[in-house]
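Trainee: Encoded as structure tokens, here's the structure I'll be asking about.
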Amino acid sequence: MAFIIEGKKLAEQIRTSLKAEVTGLVAKYGRAPGLAVVQVGEDPASSIYVNSKIKACREAGIESFGYILPDDTSETYLLNLISELNADPLVDGILVQLPLPAHIDEGKITYAIAPEKDADGFHPINVGLLSLGKKALVACTPLGILEMLKASGIELEGKNAVVLGRSNIVGKPVAQLLLKENCTVTITHSRTRDLPKVCSQADILVVAIGRANFVTPDFVNPDQAIIDVGINRNEEGKVVGDVDFKAVEPIVRAISPVPGGVGPMTIAMLLKNTVTSYCRRMDTP
Ligand code: GUN
């Protein structure tokens with residue numbers, strides 16, 4: 001029986017402590033941290049994410065500024081809105097929900113957000129700072145993964161960490177964070193030779209490949225801690241991770257569930273990034 005790394009519980013604790021911190025900050029500086037959340041179009045999944053982000057802000061005492069724009073919003077309009085938000089002293093964090101409609105260049109939009117307000121940590125300046133090991137706003141899911149490992153008492157120093165998946169929002173940044181913690185990091189992907197063998201040698205396995213039940217018992221070992229980043233729907237419409245939890249859980253040392261694992265931590269880290277950005281801005285004359 002594995003130790004279950006319960007992201008949901010940890011996220012609740014973090015949100016409670018952030019709420020207390022925000023109360024103190026409001027008393028000190030006279031205003032709440034503010035997060036602008038921009039959504040273009042009405043993709044149902046995006047709407048669910050955006051609504052839960054706005055609700056989480058409210059519960060933590062963070063002011064949210066929601067911009068739900070029509071599907072035919074032009075790139076120029078969106079760039080102008082971002083310029084205004086960049087200049088708005090009440091906005092500490094800006095988040096543009098992805099994916100954007102095809103006629104808008106996501107790269108251009110990501111570049112336009114002021115790096116010091118980049119609550120998602122997607123701006124190339126923040127990505128570069130992270131890879132240099134410097135102070136950066138870091139993408140929320142990788143940050144959440146690191147918090148889950150640390151809170152579970154999983155030792156990182158000198159350990160063999162294997163990341164399965166090489167996306168810009170999870171695989172690459174989580175590899176950088178693990179490297180910073182002195183792990184020996186291997187990034188693997190769908191074309192990696194002998195993938196199960198490479199993964200089975202990991203002390204820590206972070207799985208973000210986006211395929212339901214992809215990780216089976218041949219990928220794991222009894223001393224392994226697994227973080228499952230996947231959110232997929234199986235044939236029955238049930239939300240499942242990238243790991244075959246039922247088959248793998250009895251074999252490994254620790255594993256995060258889906259749902260109730262990484263997902264709730266991503267939102268908690270978004271709030272944390274907003275507060276971090278607020279504090280840095282308030283402390284900078
Ligand atoms: N779409 C899916 N995940 C994310 C995320 O973490 N941030 C943003 N902005 N859009 C997303």
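Chain lettering (A, B, ...) mirrors the order of the structure tokens, residue numbering begins at 1 for each chain separately, and ligand numbering begins at 1 in order of display.
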Could you build a table of the residues in chain A lying no more than 7 Å from ligand 1, giving for each the nearest pair of atoms and their separation in Å rounded to one decimal place, using only C-alpha atoms and all ligand atoms, ordered by chain and ascending residue number, as a tab-separated table?
Mentor:
```
residue	atom	partner	partner_atom_place_in_ligand_line	distance
A:Ser46	CA	ligand 1	1 (N)	6.9
A:Leu95	CA	ligand 1	9 (N)	5.3
A:Val96	CA	ligand 1	9 (N)	4.8
A:Gln97	CA	ligand 1	9 (N)	3.6
A:Leu98	CA	ligand 1	10 (N)	3.8
A:Pro99	CA	ligand 1	1 (N)	6.0
A:Asp120	CA	ligand 1	7 (N)	5.8
A:Cys140	CA	ligand 1	6 (O)	6.4
A:Thr141	CA	ligand 1	6 (O)	6.8
```
Trainee: When you look at Leu129 (chain A) with a cut-off of 12 Å (counting only C-alpha atoms), what residues show up, excluding the ones that are within fewer than 6 positions of it in the same chain? I need them as a PyMOL selection string.
Mentor: chain A and resi 115-116+121-123+135-138+173+176-177
Trainee: Just to confirm, what's the straight-line distance from CA of Val239 (chain A) to CA of Leu164 (chain A) in Å (one decimal)?
Mentor: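 Going from CA of Val239 (chain A) over to CA of Leu164 (chain A) covers 19.6 Å.
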Trainee: Near Ala119 (chain A), counting only C-alpha atoms, which residues have an atom at most 12 Å away, once you skip same-chain residues fewer than 3 positions from it, shown as a PyMOL selection string?
Mentor: chain A and resi 33-38+53+91-97+110+113-116+122-123+126+136-141+143+266-278
Trainee: Region 212-264 of chain A: which residues are strand (DSSP E) by DSSP, as an NGL selection string?
Mentor: :A and (225-228 or 232-233 or 239-240 or 254-255)
Trainee: Just to be explicit: take each residue in the selection above, keep N, CA, C and O atoms, and write the result as a PDB file, in the first residue's frame.
Mentor:
```
ATOM      1  N   ALA A 225       8.445   7.263  -5.800  1.00  0.00           N
ATOM      2  CA  ALA A 225       7.341   8.203  -5.550  1.00  0.00           C
ATOM      3  C   ALA A 225       6.882   8.727  -6.906  1.00  0.00           C
ATOM      4  O   ALA A 225       7.704   9.170  -7.713  1.00  0.00           O
ATOM      5  N   ILE A 226       5.574   8.680  -7.143  1.00  0.00           N
ATOM      6  CA  ILE A 226       5.035   9.084  -8.458  1.00  0.00           C
ATOM      7  C   ILE A 226       4.093  10.267  -8.304  1.00  0.00           C
ATOM      8  O   ILE A 226       3.205  10.268  -7.452  1.00  0.00           O
ATOM      9  N   ILE A 227       4.322  11.279  -9.147  1.00  0.00           N
ATOM     10  CA  ILE A 227       3.365  12.382  -9.255  1.00  0.00           C
ATOM     11  C   ILE A 227       2.710  12.267 -10.628  1.00  0.00           C
ATOM     12  O   ILE A 227       3.389  12.302 -11.662  1.00  0.00           O
ATOM     13  N   ASP A 228       1.386  12.137 -10.625  1.00  0.00           N
ATOM     14  CA  ASP A 228       0.618  11.958 -11.864  1.00  0.00           C
ATOM     15  C   ASP A 228      -0.058  13.285 -12.229  1.00  0.00           C
ATOM     16  O   ASP A 228      -0.967  13.752 -11.549  1.00  0.00           O
ATOM     17  N   ASN A 232      -7.273  12.988 -17.876  1.00  0.00           N
ATOM     18  CA  ASN A 232      -7.860  12.410 -19.095  1.00  0.00           C
ATOM     19  C   ASN A 232      -9.235  11.856 -18.750  1.00  0.00           C
ATOM     20  O   ASN A 232      -9.531  11.615 -17.586  1.00  0.00           O
ATOM     21  N   ARG A 233     -10.025  11.643 -19.773  1.00  0.00           N
ATOM     22  CA  ARG A 233     -11.305  10.953 -19.554  1.00  0.00           C
ATOM     23  C   ARG A 233     -11.189   9.556 -20.159  1.00  0.00           C
ATOM     24  O   ARG A 233     -10.738   9.404 -21.296  1.00  0.00           O
ATOM     25  N   VAL A 239     -12.757  10.850 -14.984  1.00  0.00           N
ATOM     26  CA  VAL A 239     -11.448  11.511 -15.036  1.00  0.00           C
ATOM     27  C   VAL A 239     -10.382  10.568 -14.477  1.00  0.00           C
ATOM     28  O   VAL A 239     -10.508  10.074 -13.352  1.00  0.00           O
ATOM     29  N   VAL A 240      -9.359  10.307 -15.291  1.00  0.00           N
ATOM     30  CA  VAL A 240      -8.253   9.442 -14.857  1.00  0.00           C
ATOM     31  C   VAL A 240      -6.919  10.115 -15.188  1.00  0.00           C
ATOM     32  O   VAL A 240      -6.852  10.995 -16.042  1.00  0.00           O
ATOM     33  N   ALA A 254       4.968   5.833  -2.915  1.00  0.00           N
ATOM     34  CA  ALA A 254       4.041   6.963  -2.788  1.00  0.00           C
ATOM     35  C   ALA A 254       3.511   7.321  -4.168  1.00  0.00           C
ATOM     36  O   ALA A 254       4.222   7.179  -5.172  1.00  0.00           O
ATOM     37  N   ILE A 255       2.268   7.819  -4.195  1.00  0.00           N
ATOM     38  CA  ILE A 255       1.666   8.184  -5.494  1.00  0.00           C
ATOM     39  C   ILE A 255       0.579   9.234  -5.273  1.00  0.00           C
ATOM     40  O   ILE A 255      -0.124   9.203  -4.259  1.00  0.00           O
TER      41      ILE A 255
END
```
